[in-house]
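*Asks:* Questions regarding the structure given below will be posed in turn.
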Amino acid sequence: MASYRERKQNAKKRQIEDYLLIMPKLFNDYILFLDGKTEETKFTYLFDMKQLMEHLVLSEKIDKDISDFTLRDLTGITSDDINSWLDSLRVKDRVSGEMRPVTDSYRMRKLSAIRMFYSFLNEAGLSSVNPVLEIHRPKNNKKSPLTIRDSDIRKLIDGVKRNDLFLSATENKNGKKCNLIVPISYQGKIRRERQVSRNAAILSLILYCGLTVSEIASLQLDDVHLDTRTLDYERRNGTQGKISLPDEVVAELSEYIYGNEIPEDIKKHFTSFPSFDEAADFCRKNIIKPDITFLAAERFGNRNDSFLDDINTIAHFIRTSGRRAFSPHENEKSLFLSNSGSRISIRMIQQMILDMTRTYLPEIAEDRNFNASSLRTARSMDAGNIDVLINNFGMSRSYAIKQLRKSEKKNNI
């Protein structure tokens with residue numbers, strides 16, 4: 001069976017093939033020029049060129065379908081055309097939900113993709129122009145990396161495990177969207193209870209081990225070796241890695257993988273109808289319904305308080321049974337699962353990290369550009385561990401030292 005990374009690469013290959021069908025034939029040679037880059041990079045470069053050409057058609061600069069663009073059309077694109085396209089781009093703000101202009105770093109990434117295409121034309125001897133060179137590239141003023149202390153990590157993970165707060169989207173007096181942190185309702189607590197051990201395990205892998213979101217999403221159950229306290233994982237470039245697991249991560253992974261077992265004394269209460277297996281099966285099917293006791297009374301015709309208490313207890317232990325609580329599909333070997341019992345997606349992990357950090361550690365997540373990647377590097381920056389920055393995050397030694405000094409200076413202010 002293909003790994004998650006292989007499946008993702010194959011999906012990108014299919015998307016590239018679809019794009020090449022609607023783009024000028026010249027781009028078939030361009031893809032060959034990009035040989036050696038990942039499928040994600042190739043797809044992104046194609047997408048950006050396709051987006052630029054579509055902008056030229058919509059703005060009536062070129063009156064033809066993008067598949068009919070000629071070499072003359074492509075070499076006739078000016079720096080003003082590219083700037084006009086960049087100015088038209090909008091992205092959704094993570095906090096307000098409103099569309100806003102793209103950041104300078106986003107523009108620079110787009111420019112890099114367009115510059116690569118014109119580099120291809122130059123090297124192939126098809127053109128000597130490169131309009132990107134005429135565009136002022138904004139200085140990318142990198143902020144000092146986010147830092148987080150061990151006490152903050154514990155505060156975040158303990159908050160997730162308490163499951164007592166909720167991030168509520170609302171509007172302020174000016175009609176703009178904002179988030180409020182409010183006590184979670186009983187219904188919300190029940191619905192989120194089975195996600196608690198999973199979310200805590202994911203956060204521990206990011207904060208204590210420095211794994212990326214994509215590396216976490218691709219983990220298999222067999223990759224975890226709690227007996228030797230190690231974890232196998234697949235890097236973004238497809239190579240295999242192995243890391244040692246600290247005590248904090250071993251504890252969270254153990255709780256998620258094995259979860260809680262239903263106490264034997266509860267099982268002994270079910271001596272007639274319904275049997276324990278019938279009651280447990282009913283609870284699994286209604287695991288996130290807050291009115292489960294009412295449903296059980298209707299289903300089994302038993303309104304005895306002790307019976308309903310047992311139903312509540314069984315439901316609670318099933319919700320806190322870790323990975324089993326998600327009722328994984330028979331052949332599903334992924335470590336982390338979604339509510340549907342299939343592999344959790346990268347987007348779901350990213351959103352969970354944003355929501356949980358904004359809820360239980362809002363002072364860290366207040367920056368508009370906060371994301372899972374910034375949280376990943378946070379603890380290593382605070383720990384001052386240069387080797388971790390070099391080995392886990394691919395920094396050069398000089399750059400790692402520079403970032404640590406910035407971090408220390410920021411914390412001393």
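In the structure tokens, the first chain shown is A, the next is B, and so on; residue numbers restart at 1 for each chain, and ligands run from 1 in the order shown.
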Do a neighbour search on Ala372 (chain A) at 9 Å with only C-alpha atoms, toss out local chain neighbours closer than 6 positions, and write the hits as a PDB file with C-alpha atoms, in the first residue's frame.
*Replies:*
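For reference, part_0.pdb as written:
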ATOM      1  CA  ILE A 206       4.830  19.371  17.540  1.00  0.00           C
ATOM      2  CA  THR A 212       5.691  19.187  11.008  1.00  0.00           C
ATOM      3  CA  VAL A 213       1.955  18.944  10.436  1.00  0.00           C
ATOM      4  CA  ILE A 349      -4.562  19.484  12.230  1.00  0.00           C
ATOM      5  CA  GLN A 350      -3.719  23.073  11.300  1.00  0.00           C
ATOM      6  CA  GLN A 351      -7.180  24.285  12.277  1.00  0.00           C
ATOM      7  CA  ILE A 353      -3.739  23.912  16.473  1.00  0.00           C
ATOM      8  CA  LEU A 354      -5.054  27.399  15.719  1.00  0.00           C
TER       9      LEU A 354
END
*Asks:* I need the residues of region 47-158 of chain A that end up classed as helix (DSSP H, G or I) by DSSP on the backbone, written out as JSON, numbers by chain.
*Replies:* {"A": [47, 48, 49, 50, 51, 52, 53, 54, 55, 56, 57, 58, 66, 67, 68, 71, 72, 73, 74, 75, 79, 80, 81, 82, 83, 84, 85, 86, 87, 88, 104, 105, 106, 107, 108, 109, 110, 111, 112, 113, 114, 115, 116, 117, 118, 119, 120, 121, 122, 123, 131, 132, 133, 134, 150, 151, 152, 153, 154, 155, 156, 157, 158]}
*Asks:* For CA of Phe300 (chain A) and CA of Ala279 (chain A), quote the distance in Å rounded to one decimal.
*Replies:*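 Interatomic distance here is 8.9 Å.
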*Asks:* Which one is closest to Leu121 (chain A): A:Arg137, A:Arg107, A:Arg7, A:Arg72? Count only C-alpha atoms.
*Replies:*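 Nearest candidate to Leu121 (chain A) out of A:Arg137, A:Arg107, A:Arg7, A:Arg72: A:Arg72.
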*Asks:* Skip Leu56 (chain A) itself and residues of its chain fewer than 5 positions away, then list as a ChimeraX atom specification all residues within 12 Å of it, counting only C-alpha atoms.
*Replies:* /A:49-51,61-66,69,73-74,76-78,80-86,88
*Asks:* Could you take the residues named above and write them with N, CA and C atoms, as a PDB file, in the first residue's frame?
*Replies:*
ATOM      1  N   MET A  49       1.634  30.481 -12.826  1.00  0.00           N
ATOM      2  CA  MET A  49       1.651  30.946 -14.219  1.00  0.00           C
ATOM      3  C   MET A  49       0.243  30.912 -14.821  1.00  0.00           C
ATOM      4  N   LYS A  50      -0.510  29.875 -14.503  1.00  0.00           N
ATOM      5  CA  LYS A  50      -1.891  29.775 -14.984  1.00  0.00           C
ATOM      6  C   LYS A  50      -2.722  30.938 -14.428  1.00  0.00           C
ATOM      7  N   GLN A  51      -2.520  31.260 -13.169  1.00  0.00           N
ATOM      8  CA  GLN A  51      -3.252  32.352 -12.528  1.00  0.00           C
ATOM      9  C   GLN A  51      -2.913  33.692 -13.179  1.00  0.00           C
ATOM     10  N   LYS A  61      -6.233  42.142 -21.394  1.00  0.00           N
ATOM     11  CA  LYS A  61      -4.918  42.480 -21.940  1.00  0.00           C
ATOM     12  C   LYS A  61      -4.605  41.562 -23.130  1.00  0.00           C
ATOM     13  N   ILE A  62      -5.036  40.298 -23.014  1.00  0.00           N
ATOM     14  CA  ILE A  62      -4.865  39.328 -24.096  1.00  0.00           C
ATOM     15  C   ILE A  62      -6.220  38.680 -24.359  1.00  0.00           C
ATOM     16  N   ASP A  63      -6.683  38.745 -25.569  1.00  0.00           N
ATOM     17  CA  ASP A  63      -8.027  38.273 -25.912  1.00  0.00           C
ATOM     18  C   ASP A  63      -7.963  36.884 -26.548  1.00  0.00           C
ATOM     19  N   LYS A  64      -7.653  35.886 -25.737  1.00  0.00           N
ATOM     20  CA  LYS A  64      -7.651  34.497 -26.209  1.00  0.00           C
ATOM     21  C   LYS A  64      -7.635  33.560 -24.998  1.00  0.00           C
ATOM     22  N   ASP A  65      -7.941  32.309 -25.230  1.00  0.00           N
ATOM     23  CA  ASP A  65      -7.896  31.317 -24.161  1.00  0.00           C
ATOM     24  C   ASP A  65      -6.443  31.069 -23.764  1.00  0.00           C
ATOM     25  N   ILE A  66      -6.200  30.720 -22.511  1.00  0.00           N
ATOM     26  CA  ILE A  66      -4.811  30.554 -22.054  1.00  0.00           C
ATOM     27  C   ILE A  66      -4.104  29.426 -22.803  1.00  0.00           C
ATOM     28  N   PHE A  69      -2.117  30.792 -25.780  1.00  0.00           N
ATOM     29  CA  PHE A  69      -1.032  31.755 -25.599  1.00  0.00           C
ATOM     30  C   PHE A  69       0.186  31.304 -26.407  1.00  0.00           C
ATOM     31  N   ASP A  73       3.160  36.095 -26.796  1.00  0.00           N
ATOM     32  CA  ASP A  73       2.279  36.586 -25.730  1.00  0.00           C
ATOM     33  C   ASP A  73       2.987  36.528 -24.373  1.00  0.00           C
ATOM     34  N   LEU A  74       3.664  35.417 -24.111  1.00  0.00           N
ATOM     35  CA  LEU A  74       4.313  35.210 -22.813  1.00  0.00           C
ATOM     36  C   LEU A  74       5.499  36.143 -22.627  1.00  0.00           C
ATOM     37  N   GLY A  76       5.716  38.992 -23.992  1.00  0.00           N
ATOM     38  CA  GLY A  76       5.206  40.362 -24.018  1.00  0.00           C
ATOM     39  C   GLY A  76       4.637  40.808 -22.685  1.00  0.00           C
ATOM     40  N   ILE A  77       4.596  39.902 -21.713  1.00  0.00           N
ATOM     41  CA  ILE A  77       4.101  40.269 -20.378  1.00  0.00           C
ATOM     42  C   ILE A  77       5.091  41.220 -19.725  1.00  0.00           C
ATOM     43  N   THR A  78       4.581  42.323 -19.199  1.00  0.00           N
ATOM     44  CA  THR A  78       5.450  43.349 -18.606  1.00  0.00           C
ATOM     45  C   THR A  78       5.407  43.295 -17.084  1.00  0.00           C
ATOM     46  N   ASP A  80       4.460  45.687 -15.267  1.00  0.00           N
ATOM     47  CA  ASP A  80       3.183  46.298 -14.857  1.00  0.00           C
ATOM     48  C   ASP A  80       2.072  45.255 -14.840  1.00  0.00           C
ATOM     49  N   ASP A  81       2.086  44.350 -15.808  1.00  0.00           N
ATOM     50  CA  ASP A  81       1.088  43.270 -15.836  1.00  0.00           C
ATOM     51  C   ASP A  81       1.205  42.395 -14.593  1.00  0.00           C
ATOM     52  N   ILE A  82       2.432  42.066 -14.225  1.00  0.00           N
ATOM     53  CA  ILE A  82       2.659  41.201 -13.057  1.00  0.00           C
ATOM     54  C   ILE A  82       2.245  41.920 -11.778  1.00  0.00           C
ATOM     55  N   ASN A  83       2.593  43.206 -11.669  1.00  0.00           N
ATOM     56  CA  ASN A  83       2.199  43.974 -10.482  1.00  0.00           C
ATOM     57  C   ASN A  83       0.682  44.093 -10.380  1.00  0.00           C
ATOM     58  N   SER A  84       0.034  44.276 -11.510  1.00  0.00           N
ATOM     59  CA  SER A  84      -1.428  44.352 -11.530  1.00  0.00           C
ATOM     60  C   SER A  84      -2.047  43.057 -11.028  1.00  0.00           C
ATOM     61  N   TRP A  85      -1.467  41.939 -11.456  1.00  0.00           N
ATOM     62  CA  TRP A  85      -1.942  40.623 -10.993  1.00  0.00           C
ATOM     63  C   TRP A  85      -1.732  40.460  -9.489  1.00  0.00           C
ATOM     64  N   LEU A  86      -0.547  40.830  -9.005  1.00  0.00           N
ATOM     65  CA  LEU A  86      -0.251  40.696  -7.570  1.00  0.00           C
ATOM     66  C   LEU A  86      -1.186  41.562  -6.734  1.00  0.00           C
ATOM     67  N   SER A  88      -4.160  42.298  -7.397  1.00  0.00           N
ATOM     68  CA  SER A  88      -5.533  41.773  -7.424  1.00  0.00           C
ATOM     69  C   SER A  88      -5.730  40.583  -6.501  1.00  0.00           C
TER      70      SER A  88
END
